[in-house]
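The next block is data_19.txt, given as compact mmCIF, C-alpha atoms.
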```txt
# COMPACT_ATOMS: atom_id res chain seq x y z
CA MET J 960 -202.73 -138.39 7.00
CA ALA J 961 -198.97 -138.83 7.30
CA VAL J 962 -198.72 -138.49 3.52
CA TRP J 963 -200.74 -135.28 3.62
CA GLY J 964 -198.55 -133.99 6.43
CA GLU J 965 -195.50 -134.43 4.18
CA ARG J 966 -197.21 -132.89 1.15
CA LEU J 967 -198.34 -129.88 3.16
CA ALA J 968 -194.94 -129.15 4.71
CA GLY J 969 -194.02 -125.59 3.76
CA VAL J 970 -197.45 -124.94 2.23
CA ARG J 971 -198.94 -121.57 3.15
CA GLY J 972 -201.89 -121.32 0.81
CA VAL J 973 -204.50 -123.42 -0.99
CA LEU J 974 -206.19 -122.68 -4.33
CA LEU J 975 -209.57 -124.34 -4.69
CA ASP J 976 -211.44 -124.93 -7.92
CA ILE J 977 -215.23 -124.63 -7.68
CA SER J 978 -217.08 -126.56 -10.43
CA GLY J 979 -216.35 -130.27 -10.19
CA VAL J 980 -214.45 -129.80 -6.91
CA LEU J 981 -216.85 -128.04 -4.55
CA VAL J 982 -220.06 -128.35 -6.57
CA ASP J 983 -221.57 -130.09 -9.58
CA SER J 984 -223.56 -127.81 -11.88
CA CYS J 985 -227.25 -128.36 -12.42
CA ALA J 986 -230.07 -126.48 -14.10
CA GLY J 987 -230.97 -124.62 -10.91
CA GLY J 988 -227.35 -123.77 -10.09
CA GLY J 989 -225.35 -126.50 -8.34
CA VAL J 990 -225.22 -129.16 -5.65
CA PRO J 991 -222.35 -129.52 -3.16
CA ILE J 992 -220.01 -132.46 -3.62
CA PRO J 993 -220.20 -134.45 -0.35
CA GLY J 994 -217.73 -133.16 2.25
CA SER J 995 -216.78 -130.02 0.36
CA VAL J 996 -218.61 -127.51 2.58
CA GLU J 997 -216.87 -128.97 5.64
CA ALA J 998 -213.50 -129.12 3.89
CA VAL J 999 -213.62 -125.39 3.06
CA ALA J 1000 -214.63 -124.59 6.63
CA ARG J 1001 -211.72 -126.62 8.05
CA LEU J 1002 -209.21 -125.02 5.67
CA LYS J 1003 -210.39 -121.58 6.73
CA GLN J 1004 -210.04 -122.48 10.40
CA SER J 1005 -206.44 -123.57 9.74
CA GLN J 1006 -203.50 -121.23 9.32
CA LEU J 1007 -203.56 -121.72 5.54
CA LYS J 1008 -204.60 -118.93 3.20
CA VAL J 1009 -207.50 -119.98 1.00
CA ARG J 1010 -208.52 -118.65 -2.42
CA PHE J 1011 -211.00 -119.88 -5.01
CA CYS J 1012 -209.93 -120.11 -8.62
CA THR J 1013 -212.59 -120.78 -11.24
CA ASN J 1014 -213.19 -120.70 -14.99
CA GLU J 1015 -216.93 -120.25 -14.40
CA THR J 1016 -218.31 -117.96 -17.10
CA GLN J 1017 -221.98 -118.92 -17.21
CA LYS J 1018 -222.73 -117.05 -13.99
CA SER J 1019 -221.67 -113.60 -12.85
CA LEU J 1020 -219.28 -113.53 -9.92
CA GLY J 1021 -222.02 -112.15 -7.66
CA LYS J 1022 -224.47 -114.88 -8.62
CA LEU J 1023 -221.85 -117.62 -8.28
CA VAL J 1024 -220.81 -116.52 -4.80
CA GLY J 1025 -224.44 -116.02 -3.73
CA LEU J 1026 -225.23 -119.56 -4.83
CA LEU J 1027 -222.23 -121.01 -2.98
CA GLN J 1028 -223.18 -119.12 0.19
CA GLN J 1029 -226.72 -120.53 -0.05
CA LEU J 1030 -225.22 -124.01 -0.28
CA GLY J 1031 -223.36 -123.37 2.98
CA PHE J 1032 -219.89 -122.40 1.76
CA ASP J 1033 -217.86 -119.76 3.61
CA ILE J 1034 -216.91 -117.62 0.59
CA SER J 1035 -216.99 -113.98 -0.50
CA GLU J 1036 -216.54 -112.31 -3.92
CA LYS J 1037 -213.13 -110.88 -3.04
CA GLU J 1038 -211.80 -114.40 -2.40
CA VAL J 1039 -212.44 -115.54 -5.98
CA THR J 1040 -210.17 -115.29 -9.04
CA SER J 1041 -212.22 -115.62 -12.25
CA PRO J 1042 -211.33 -115.05 -15.89
CA GLY J 1043 -213.71 -112.13 -16.68
CA PRO J 1044 -211.80 -109.45 -14.73
CA ALA J 1045 -208.47 -110.89 -15.92
CA ALA J 1046 -209.63 -110.61 -19.53
CA CYS J 1047 -210.81 -107.02 -19.03
CA GLN J 1048 -207.37 -106.06 -17.77
CA ILE J 1049 -205.70 -107.57 -20.85
CA LEU J 1050 -208.17 -105.86 -23.20
CA LYS J 1051 -207.47 -102.47 -21.63
CA GLU J 1052 -203.68 -102.94 -21.60
CA ARG J 1053 -203.59 -103.88 -25.28
CA GLY J 1054 -206.25 -101.49 -26.58
CA LEU J 1055 -208.44 -104.38 -27.72
CA ARG J 1056 -212.13 -103.87 -28.46
CA PRO J 1057 -213.82 -107.28 -28.27
CA HIS J 1058 -216.70 -108.87 -30.06
CA LEU J 1059 -218.15 -110.87 -27.16
CA LEU J 1060 -219.27 -114.47 -27.66
CA ILE J 1061 -220.29 -115.01 -24.06
CA HIS J 1062 -223.24 -115.92 -21.87
CA ASP J 1063 -225.59 -113.01 -21.16
CA GLU J 1064 -225.06 -113.66 -17.43
CA ILE J 1065 -221.49 -112.29 -17.51
CA ARG J 1066 -222.01 -109.47 -20.01
CA SER J 1067 -222.06 -106.93 -17.19
CA GLU J 1068 -218.44 -107.82 -16.36
CA PHE J 1069 -217.49 -106.16 -19.66
CA ASP J 1070 -219.62 -103.02 -19.10
CA LYS J 1071 -216.61 -100.73 -19.00
CA ILE J 1072 -215.00 -102.18 -22.13
CA ASP J 1073 -215.32 -100.48 -25.54
CA THR J 1074 -216.91 -103.02 -27.89
CA SER J 1075 -217.35 -100.71 -30.89
CA ASN J 1076 -215.59 -101.62 -34.16
CA PRO J 1077 -214.16 -104.88 -32.74
CA ASN J 1078 -210.52 -105.83 -33.28
CA CYS J 1079 -210.66 -109.15 -31.42
CA VAL J 1080 -213.07 -111.85 -30.25
CA VAL J 1081 -213.53 -112.93 -26.63
CA ILE J 1082 -215.10 -116.37 -26.23
CA ALA J 1083 -216.35 -117.89 -22.98
CA ASP J 1084 -218.62 -120.77 -21.99
CA ALA J 1085 -221.71 -119.35 -23.69
CA GLY J 1086 -223.86 -122.48 -23.33
CA ASP J 1087 -227.07 -122.06 -25.32
CA TYR J 1088 -225.70 -118.82 -26.79
CA PHE J 1089 -223.39 -121.03 -28.91
CA SER J 1090 -225.91 -120.91 -31.76
CA TYR J 1091 -224.74 -121.25 -35.36
CA LYS J 1092 -225.62 -117.59 -35.91
CA ASN J 1093 -223.51 -116.41 -32.96
CA MET J 1094 -220.58 -118.67 -33.84
CA ASN J 1095 -220.69 -117.50 -37.46
CA LYS J 1096 -220.70 -113.85 -36.41
CA ALA J 1097 -217.56 -114.39 -34.28
CA PHE J 1098 -215.97 -116.28 -37.19
CA GLN J 1099 -216.74 -113.43 -39.61
CA VAL J 1100 -215.31 -110.81 -37.24
CA LEU J 1101 -212.06 -112.79 -37.00
CA MET J 1102 -211.85 -113.35 -40.76
CA GLU J 1103 -212.17 -109.62 -41.43
CA LEU J 1104 -209.22 -108.75 -39.17
CA GLU J 1105 -205.73 -108.38 -40.57
CA ASN J 1106 -204.26 -109.77 -37.33
CA PRO J 1107 -207.04 -111.85 -35.80
CA VAL J 1108 -206.91 -112.14 -31.99
CA LEU J 1109 -209.01 -114.75 -30.23
CA ILE J 1110 -209.08 -114.63 -26.43
CA SER J 1111 -210.62 -117.63 -24.70
CA LEU J 1112 -211.84 -117.66 -21.11
CA GLY J 1113 -210.73 -121.22 -20.33
CA LYS J 1114 -210.27 -124.12 -22.72
CA GLY J 1115 -212.08 -126.98 -21.00
CA ARG J 1116 -213.29 -129.89 -23.10
CA TYR J 1117 -216.37 -130.53 -20.99
CA TYR J 1118 -217.70 -130.32 -17.46
CA LYS J 1119 -219.94 -132.46 -15.36
CA ALA J 1120 -223.47 -131.35 -14.59
CA THR J 1121 -226.03 -133.33 -12.67
CA SER J 1122 -227.79 -133.96 -16.01
CA GLY J 1123 -224.61 -135.40 -17.56
CA LEU J 1124 -221.46 -134.21 -19.32
CA MET J 1125 -221.67 -130.81 -21.02
CA LEU J 1126 -219.55 -129.37 -23.84
CA ASP J 1127 -217.29 -126.62 -22.56
CA VAL J 1128 -215.81 -123.56 -24.24
CA GLY J 1129 -212.67 -125.38 -25.42
CA ALA J 1130 -214.62 -127.28 -28.08
CA TYR J 1131 -215.93 -124.06 -29.58
CA VAL J 1132 -212.48 -122.48 -29.39
CA LYS J 1133 -211.13 -125.36 -31.48
CA ALA J 1134 -213.91 -124.77 -34.03
CA LEU J 1135 -212.93 -121.10 -34.48
CA GLU J 1136 -209.19 -121.89 -34.43
CA TYR J 1137 -209.64 -124.39 -37.27
CA ALA J 1138 -211.98 -122.24 -39.34
CA CYS J 1139 -209.87 -119.07 -39.03
CA GLY J 1140 -206.37 -120.58 -38.85
CA VAL J 1141 -205.63 -118.82 -35.54
CA GLU J 1142 -204.51 -119.94 -32.10
CA ALA J 1143 -206.45 -118.68 -29.09
CA GLU J 1144 -204.83 -116.97 -26.12
CA VAL J 1145 -206.23 -118.57 -22.98
CA VAL J 1146 -207.17 -116.44 -19.98
CA GLY J 1147 -208.12 -118.50 -16.94
CA LYS J 1148 -206.98 -122.01 -16.06
CA PRO J 1149 -204.60 -123.55 -17.11
CA SER J 1150 -202.80 -120.29 -17.95
CA PRO J 1151 -199.81 -119.84 -15.58
CA GLU J 1152 -200.47 -116.08 -15.41
CA PHE J 1153 -203.93 -116.77 -14.05
CA PHE J 1154 -202.63 -118.90 -11.16
CA GLN J 1155 -199.82 -116.42 -10.60
CA ASN J 1156 -202.31 -113.60 -10.24
CA ALA J 1157 -204.32 -115.58 -7.68
CA LEU J 1158 -201.18 -116.33 -5.66
CA GLN J 1159 -200.10 -112.69 -5.78
CA VAL J 1160 -203.42 -111.58 -4.27
CA MET J 1161 -202.90 -114.17 -1.49
CA GLY J 1162 -199.31 -113.07 -0.91
CA VAL J 1163 -198.08 -116.63 -1.41
CA GLU J 1164 -195.25 -117.93 -3.60
CA ALA J 1165 -195.93 -120.76 -6.06
CA HIS J 1166 -193.83 -123.26 -4.08
CA GLN J 1167 -195.86 -122.44 -0.97
CA ALA J 1168 -199.20 -123.27 -2.59
CA GLN J 1169 -201.28 -126.42 -2.96
CA ARG J 1170 -204.17 -126.94 -5.34
CA MET Y 306 -205.05 -122.16 -74.52
CA ALA Y 307 -201.83 -123.94 -75.46
CA VAL Y 308 -201.20 -124.57 -71.78
CA TRP Y 309 -204.67 -126.04 -71.40
CA GLY Y 310 -204.09 -128.19 -74.46
CA GLU Y 311 -201.02 -129.70 -72.77
CA ARG Y 312 -202.79 -130.15 -69.45
CA LEU Y 313 -205.71 -131.89 -71.07
CA ALA Y 314 -203.60 -134.30 -73.11
CA GLY Y 315 -204.73 -137.82 -72.16
CA VAL Y 316 -207.61 -136.50 -70.06
CA ARG Y 317 -210.88 -138.39 -70.57
CA GLY Y 318 -213.02 -137.04 -67.75
CA VAL Y 319 -213.66 -133.93 -65.66
CA LEU Y 320 -214.88 -133.78 -62.05
CA LEU Y 321 -216.62 -130.51 -61.24
CA ASP Y 322 -217.27 -129.13 -57.77
CA ILE Y 323 -220.54 -127.22 -57.38
CA SER Y 324 -220.50 -124.73 -54.46
CA GLY Y 325 -217.82 -122.08 -54.99
CA VAL Y 326 -217.09 -123.37 -58.52
CA LEU Y 327 -220.41 -123.33 -60.36
CA VAL Y 328 -222.52 -121.36 -57.87
CA ASP Y 329 -222.24 -119.23 -54.74
CA SER Y 330 -224.77 -120.10 -52.06
CA CYS Y 331 -227.34 -117.58 -50.93
CA ALA Y 332 -230.40 -117.65 -48.70
CA GLY Y 333 -232.71 -118.48 -51.63
CA GLY Y 334 -230.40 -121.18 -53.00
CA GLY Y 335 -227.54 -119.97 -55.17
CA VAL Y 336 -226.36 -117.70 -57.99
CA PRO Y 337 -224.21 -118.92 -60.91
CA ILE Y 338 -220.59 -117.86 -60.98
CA PRO Y 339 -220.13 -115.94 -64.27
CA GLY Y 340 -219.29 -118.24 -67.18
CA SER Y 341 -220.01 -121.47 -65.31
CA VAL Y 342 -223.28 -122.36 -67.06
CA GLU Y 343 -221.55 -121.98 -70.44
CA ALA Y 344 -218.45 -123.89 -69.26
CA VAL Y 345 -220.54 -126.91 -68.25
CA ALA Y 346 -222.39 -126.80 -71.58
CA ARG Y 347 -219.11 -126.71 -73.52
CA LEU Y 348 -217.62 -129.57 -71.51
CA LYS Y 349 -220.69 -131.67 -72.19
CA GLN Y 350 -220.49 -130.94 -75.90
CA SER Y 351 -216.86 -132.12 -75.90
CA GLN Y 352 -215.75 -135.74 -75.86
CA LEU Y 353 -214.91 -135.50 -72.16
CA LYS Y 354 -216.95 -137.35 -69.56
CA VAL Y 355 -218.35 -134.96 -66.95
CA ARG Y 356 -219.35 -135.66 -63.36
CA PHE Y 357 -220.27 -133.38 -60.46
CA CYS Y 358 -218.67 -134.00 -57.10
CA THR Y 359 -220.01 -132.07 -54.12
CA ASN Y 360 -219.94 -131.99 -50.32
CA GLU Y 361 -223.31 -130.19 -50.27
CA THR Y 362 -225.28 -131.44 -47.26
CA GLN Y 363 -227.69 -128.57 -46.62
CA LYS Y 364 -229.88 -129.50 -49.58
CA SER Y 365 -231.18 -132.89 -50.69
CA LEU Y 366 -229.75 -134.15 -53.98
CA GLY Y 367 -233.11 -133.59 -55.68
CA LYS Y 368 -233.37 -130.01 -54.48
CA LEU Y 369 -229.76 -129.23 -55.37
CA VAL Y 370 -230.11 -130.55 -58.91
CA GLY Y 371 -233.48 -128.81 -59.37
CA LEU Y 372 -231.93 -125.52 -58.31
CA LEU Y 373 -228.98 -125.94 -60.69
CA GLN Y 374 -231.34 -126.78 -63.56
CA GLN Y 375 -233.37 -123.63 -62.83
CA LEU Y 376 -230.14 -121.64 -63.00
CA GLY Y 377 -229.53 -123.04 -66.49
CA PHE Y 378 -227.09 -125.88 -65.80
CA ASP Y 379 -227.25 -129.09 -67.82
CA ILE Y 380 -227.21 -131.56 -64.91
CA SER Y 381 -229.18 -134.57 -63.63
CA GLU Y 382 -229.21 -136.40 -60.29
CA LYS Y 383 -227.40 -139.45 -61.65
CA GLU Y 384 -224.44 -137.27 -62.65
CA VAL Y 385 -223.73 -136.18 -59.08
CA THR Y 386 -221.55 -137.83 -56.40
CA SER Y 387 -222.50 -136.56 -52.94
CA PRO Y 388 -221.52 -137.75 -49.44
CA GLY Y 389 -224.96 -138.80 -48.14
CA PRO Y 390 -225.28 -142.00 -50.23
CA ALA Y 391 -221.57 -142.78 -49.69
CA ALA Y 392 -222.08 -142.52 -45.92
CA CYS Y 393 -225.15 -144.77 -46.04
CA GLN Y 394 -223.13 -147.46 -47.80
CA ILE Y 395 -220.41 -147.32 -45.11
CA LEU Y 396 -223.00 -147.44 -42.30
CA LYS Y 397 -224.61 -150.55 -43.80
CA GLU Y 398 -221.30 -152.30 -44.47
CA ARG Y 399 -220.08 -151.78 -40.91
CA GLY Y 400 -223.37 -152.30 -39.09
CA LEU Y 401 -223.30 -148.74 -37.73
CA ARG Y 402 -226.45 -147.09 -36.36
CA PRO Y 403 -225.92 -143.34 -36.46
CA HIS Y 404 -227.03 -140.49 -34.29
CA LEU Y 405 -227.53 -137.87 -37.02
CA LEU Y 406 -226.30 -134.30 -36.52
CA ILE Y 407 -227.42 -133.10 -39.94
CA HIS Y 408 -229.65 -130.57 -41.68
CA ASP Y 409 -233.31 -131.57 -41.83
CA GLU Y 410 -233.12 -131.14 -45.62
CA ILE Y 411 -231.01 -134.31 -46.06
CA ARG Y 412 -232.61 -136.45 -43.35
CA SER Y 413 -234.57 -138.37 -46.00
CA GLU Y 414 -231.28 -139.65 -47.47
CA PHE Y 415 -230.91 -141.72 -44.27
CA ASP Y 416 -234.50 -143.05 -44.33
CA LYS Y 417 -233.39 -146.65 -44.79
CA ILE Y 418 -230.76 -146.53 -42.04
CA ASP Y 419 -231.42 -147.92 -38.55
CA THR Y 420 -230.86 -145.05 -36.11
CA SER Y 421 -232.06 -146.86 -32.96
CA ASN Y 422 -229.60 -147.29 -30.07
CA PRO Y 423 -226.81 -145.34 -31.88
CA ASN Y 424 -223.24 -146.66 -31.99
CA CYS Y 425 -221.77 -143.74 -33.97
CA VAL Y 426 -222.37 -140.11 -34.87
CA VAL Y 427 -222.73 -138.77 -38.40
CA ILE Y 428 -222.11 -135.04 -38.72
CA ALA Y 429 -222.79 -132.90 -41.80
CA ASP Y 430 -223.13 -129.20 -42.54
CA ALA Y 431 -226.15 -128.70 -40.30
CA GLY Y 432 -226.17 -124.88 -40.44
CA ASP Y 433 -228.69 -123.51 -37.95
CA TYR Y 434 -229.16 -127.03 -36.56
CA PHE Y 435 -225.69 -126.65 -34.96
CA SER Y 436 -227.34 -125.46 -31.72
CA TYR Y 437 -225.60 -126.03 -28.39
CA LYS Y 438 -228.30 -128.57 -27.53
CA ASN Y 439 -227.76 -130.59 -30.72
CA MET Y 440 -223.96 -130.43 -30.44
CA ASN Y 441 -224.13 -131.51 -26.80
CA LYS Y 442 -226.38 -134.46 -27.64
CA ALA Y 443 -223.90 -135.69 -30.29
CA PHE Y 444 -221.07 -135.20 -27.78
CA GLN Y 445 -222.90 -137.21 -25.13
CA VAL Y 446 -223.62 -140.05 -27.56
CA LEU Y 447 -219.92 -140.27 -28.44
CA MET Y 448 -218.82 -140.12 -24.79
CA GLU Y 449 -221.08 -143.02 -23.90
CA LEU Y 450 -219.59 -145.31 -26.57
CA GLU Y 451 -216.76 -147.69 -25.75
CA ASN Y 452 -215.31 -147.20 -29.24
CA PRO Y 453 -216.61 -143.82 -30.39
CA VAL Y 454 -216.97 -143.47 -34.18
CA LEU Y 455 -217.47 -140.04 -35.70
CA ILE Y 456 -218.22 -139.89 -39.43
CA SER Y 457 -218.03 -136.47 -41.03
CA LEU Y 458 -219.58 -135.55 -44.37
CA GLY Y 459 -216.79 -133.23 -45.52
CA LYS Y 460 -214.39 -131.24 -43.37
CA GLY Y 461 -214.51 -127.77 -44.92
CA ARG Y 462 -213.48 -124.80 -42.80
CA TYR Y 463 -215.95 -122.41 -44.41
CA TYR Y 464 -217.72 -121.65 -47.65
CA LYS Y 465 -218.64 -118.50 -49.47
CA ALA Y 466 -222.24 -117.36 -49.59
CA THR Y 467 -223.51 -114.17 -51.15
CA SER Y 468 -224.02 -112.84 -47.60
CA GLY Y 469 -220.37 -113.55 -46.67
CA LEU Y 470 -218.23 -116.41 -45.42
CA MET Y 471 -220.06 -119.16 -43.53
CA LEU Y 472 -218.70 -121.70 -41.02
CA ASP Y 473 -218.64 -125.18 -42.52
CA VAL Y 474 -218.93 -128.63 -40.94
CA GLY Y 475 -215.15 -128.98 -40.38
CA ALA Y 476 -215.22 -126.45 -37.55
CA TYR Y 477 -217.85 -128.43 -35.68
CA VAL Y 478 -216.00 -131.68 -36.36
CA LYS Y 479 -212.93 -130.17 -34.65
CA ALA Y 480 -215.09 -129.22 -31.67
CA LEU Y 481 -216.30 -132.81 -31.20
CA GLU Y 482 -212.85 -134.28 -31.90
CA TYR Y 483 -211.33 -132.11 -29.16
CA ALA Y 484 -214.10 -132.67 -26.62
CA CYS Y 485 -214.25 -136.45 -27.12
CA GLY Y 486 -210.61 -137.20 -27.95
CA VAL Y 487 -211.55 -138.89 -31.23
CA GLU Y 488 -210.58 -138.43 -34.87
CA ALA Y 489 -213.36 -138.20 -37.44
CA GLU Y 490 -213.51 -140.37 -40.55
CA VAL Y 491 -214.24 -138.10 -43.49
CA VAL Y 492 -216.70 -139.16 -46.18
CA GLY Y 493 -216.78 -136.77 -49.15
CA LYS Y 494 -214.01 -134.51 -50.37
CA PRO Y 495 -211.05 -134.64 -49.81
CA SER Y 496 -211.30 -138.39 -49.10
CA PRO Y 497 -209.52 -140.34 -51.90
CA GLU Y 498 -212.24 -143.04 -51.77
CA PHE Y 499 -214.86 -140.42 -52.58
CA PHE Y 500 -213.07 -139.26 -55.74
CA GLN Y 501 -212.30 -142.87 -56.63
CA ASN Y 502 -215.97 -143.74 -56.44
CA ALA Y 503 -216.88 -140.82 -58.72
CA LEU Y 504 -214.24 -141.90 -61.26
CA GLN Y 505 -215.42 -145.50 -61.13
CA VAL Y 506 -218.97 -144.45 -62.03
CA MET Y 507 -217.54 -142.48 -64.99
CA GLY Y 508 -215.35 -145.39 -66.10
CA VAL Y 509 -212.26 -143.18 -65.99
CA GLU Y 510 -208.88 -143.84 -64.35
CA ALA Y 511 -207.43 -141.28 -61.94
CA HIS Y 512 -204.63 -140.29 -64.35
CA GLN Y 513 -207.22 -139.64 -67.05
CA ALA Y 514 -209.19 -137.15 -64.95
CA GLN Y 515 -209.01 -133.40 -64.41
CA ARG Y 516 -210.68 -131.45 -61.64
```
Render the structure in this file as structure tokens.
Amino acid sequence: MAVWGERLAGVRGVLLDISGVLVDSCAGGGVPIPGSVEAVARLKQSQLKVRFCTNETQKSLGKLVGLLQQLGFDISEKEVTSPGPAACQILKERGLRPHLLIHDEIRSEFDKIDTSNPNCVVIADAGDYFSYKNMNKAFQVLMELENPVLISLGKGRYYKATSGLMLDVGAYVKALEYACGVEAEVVGKPSPEFFQNALQVMGVEAHQAQR
Amino acid sequence: MAVWGERLAGVRGVLLDISGVLVDSCAGGGVPIPGSVEAVARLKQSQLKVRFCTNETQKSLGKLVGLLQQLGFDISEKEVTSPGPAACQILKERGLRPHLLIHDEIRSEFDKIDTSNPNCVVIADAGDYFSYKNMNKAFQVLMELENPVLISLGKGRYYKATSGLMLDVGAYVKALEYACGVEAEVVGKPSPEFFQNALQVMGVEAHQAQR
């Protein structure tokens, strides 16, 4: 504990990942990693500011938070930074109209985005929606663009589910990067802007945060 | 023609690709590229040795040759070098038992290969068989191996079909390479061994060949 005391000196806020840190995914949703429910509760009782920072894109924010609450976590939607809203902001700022290669569960997060006549592709952890047909469509959209833009919500290699390791979005990003000769722009972890945004909402400087 | 005369000086054999050179793929099979049927006929009437060298792995060798014959090409199975048989030879030599991520059409080419308790993955242009489930299974097999071996039949980025550009096996190889931290061994073009094997069958040295 002495070591932790030293590490936490000057720390005002904590960013917590969700999948693989608080819960392991499973077909029904997720199971808490032992001790995580209590750890979140203790952090919230302390003077530290707490925020959750996730690349989860197979569940809508509402569904994710609802699931975590059912599992006993003290968490609300407004405490979570996730890549969908961050991507929407970038799309609006740059006048980008995406072709969406995403899981149906998070499609509603892009409801207010113009997807007609696409001039970019947004890729997220689409799971079973990563069919050959869907991948090929995204590939064709990129190949038809003069300046192809590929925006990736995360770039994880894989994640752990209770049924075993599962391929994550990063693998499929690499596939499109290779086929199209492009480099994806990552929204979500490990993008510095993503963490910066989470810290800004907390009102905490980077040197005052622990993750 | 003078330029061709110079280029062909000392040339004794010609290696011909099939997809994108002789035919464009389409849902029904393929359509000849204008002039290609006649070009093959003229080459065969010349004193040059002719061999076909393809990375086609969505059709069995028999079906591919049958299709080309229907389209008017002068071609037989024994004139074709394709990656399936080359891969089988490598698997036998090294005692490898593959998990096969391939199109059902070429599964019979691996009939004599032991696929129990896999200690490697063989990936080919599986087309619609590149589902998330099938990709994830291949990924899991590789992740469970102490020394993961990934053998790829070709590494093309994409190919041209009459319906448009189509993602090729190379994209999916990159996905598995990234997720598993491995590098694939390529059987088929552009592997030098593959061309060397085709030349050996023709009895032609590399400097005597044109492709």
Mind listing as a CSV table (one decimal) with C-alpha atoms, in the frame of the given file which residues of chain Y are within 12 Å of chain J, counting only C-alpha atoms?
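Listed below is the output, iface.csv:
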```
chain,number,residue,atom,x,y,z
Y,430,ASP,CA,-223.1,-129.2,-42.5
Y,431,ALA,CA,-226.2,-128.7,-40.3
Y,432,GLY,CA,-226.2,-124.9,-40.4
Y,433,ASP,CA,-228.7,-123.5,-38.0
Y,434,TYR,CA,-229.2,-127.0,-36.6
Y,435,PHE,CA,-225.7,-126.6,-35.0
Y,436,SER,CA,-227.3,-125.5,-31.7
Y,437,TYR,CA,-225.6,-126.0,-28.4
Y,438,LYS,CA,-228.3,-128.6,-27.5
Y,439,ASN,CA,-227.8,-130.6,-30.7
Y,440,MET,CA,-224.0,-130.4,-30.4
Y,441,ASN,CA,-224.1,-131.5,-26.8
Y,442,LYS,CA,-226.4,-134.5,-27.6
Y,443,ALA,CA,-223.9,-135.7,-30.3
Y,444,PHE,CA,-221.1,-135.2,-27.8
Y,445,GLN,CA,-222.9,-137.2,-25.1
Y,446,VAL,CA,-223.6,-140.0,-27.6
Y,447,LEU,CA,-219.9,-140.3,-28.4
Y,448,MET,CA,-218.8,-140.1,-24.8
Y,449,GLU,CA,-221.1,-143.0,-23.9
Y,460,LYS,CA,-214.4,-131.2,-43.4
Y,461,GLY,CA,-214.5,-127.8,-44.9
Y,462,ARG,CA,-213.5,-124.8,-42.8
Y,463,TYR,CA,-216.0,-122.4,-44.4
Y,464,TYR,CA,-217.7,-121.6,-47.6
Y,465,LYS,CA,-218.6,-118.5,-49.5
Y,468,SER,CA,-224.0,-112.8,-47.6
Y,469,GLY,CA,-220.4,-113.6,-46.7
Y,470,LEU,CA,-218.2,-116.4,-45.4
Y,471,MET,CA,-220.1,-119.2,-43.5
Y,472,LEU,CA,-218.7,-121.7,-41.0
Y,473,ASP,CA,-218.6,-125.2,-42.5
Y,474,VAL,CA,-218.9,-128.6,-40.9
Y,475,GLY,CA,-215.2,-129.0,-40.4
Y,476,ALA,CA,-215.2,-126.4,-37.6
Y,477,TYR,CA,-217.8,-128.4,-35.7
Y,478,VAL,CA,-216.0,-131.7,-36.4
Y,479,LYS,CA,-212.9,-130.2,-34.6
Y,480,ALA,CA,-215.1,-129.2,-31.7
Y,481,LEU,CA,-216.3,-132.8,-31.2
Y,482,GLU,CA,-212.8,-134.3,-31.9
Y,483,TYR,CA,-211.3,-132.1,-29.2
Y,484,ALA,CA,-214.1,-132.7,-26.6
Y,485,CYS,CA,-214.2,-136.4,-27.1
Y,486,GLY,CA,-210.6,-137.2,-28.0
```
(message) Could you tell me how far atom CA of Ile395 of chain Y sits from atom CA of Val487 of chain Y, in Å to one decimal place?
(response) 18.5 Å
Find the residues around Ala1045 of chain J up to 10 Å (all atoms listed in the file counted), leave out those fewer than 2 positions away in its own chain, and share them as a PDB file with C-alpha atoms, in the coordinates of the input.
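Saved result, around.pdb, follows:
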```pdb
ATOM      1  CA  THR J1040    -210.170-115.290  -9.040  1.00  0.00           C
ATOM      2  CA  SER J1041    -212.220-115.620 -12.250  1.00  0.00           C
ATOM      3  CA  PRO J1042    -211.330-115.050 -15.890  1.00  0.00           C
ATOM      4  CA  GLY J1043    -213.710-112.130 -16.680  1.00  0.00           C
ATOM      5  CA  CYS J1047    -210.810-107.020 -19.030  1.00  0.00           C
ATOM      6  CA  GLN J1048    -207.370-106.060 -17.770  1.00  0.00           C
ATOM      7  CA  ILE J1049    -205.700-107.570 -20.850  1.00  0.00           C
ATOM      8  CA  LEU J1050    -208.170-105.860 -23.200  1.00  0.00           C
ATOM      9  CA  LEU J1112    -211.840-117.660 -21.110  1.00  0.00           C
ATOM     10  CA  VAL J1146    -207.170-116.440 -19.980  1.00  0.00           C
ATOM     11  CA  GLY J1147    -208.120-118.500 -16.940  1.00  0.00           C
ATOM     12  CA  GLU J1152    -200.470-116.080 -15.410  1.00  0.00           C
ATOM     13  CA  PHE J1153    -203.930-116.770 -14.050  1.00  0.00           C
ATOM     14  CA  ASN J1156    -202.310-113.600 -10.240  1.00  0.00           C
TER      15      ASN J1156
END
```
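Relative to atom CA of Arg1066 of chain J, atom CA of Lys1148 of chain J is found at 20.0 Å.
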(message) Set the distance at 7 Å and use all atoms listed in the file: which residues neighbour Ala514 of chain Y once local chain neighbours fewer than 3 positions away are removed? I'd like the list as a list in words.
(response) Val316, Arg317, Gly318, Val319, Val509, Glu510 and Ala511 of chain Y
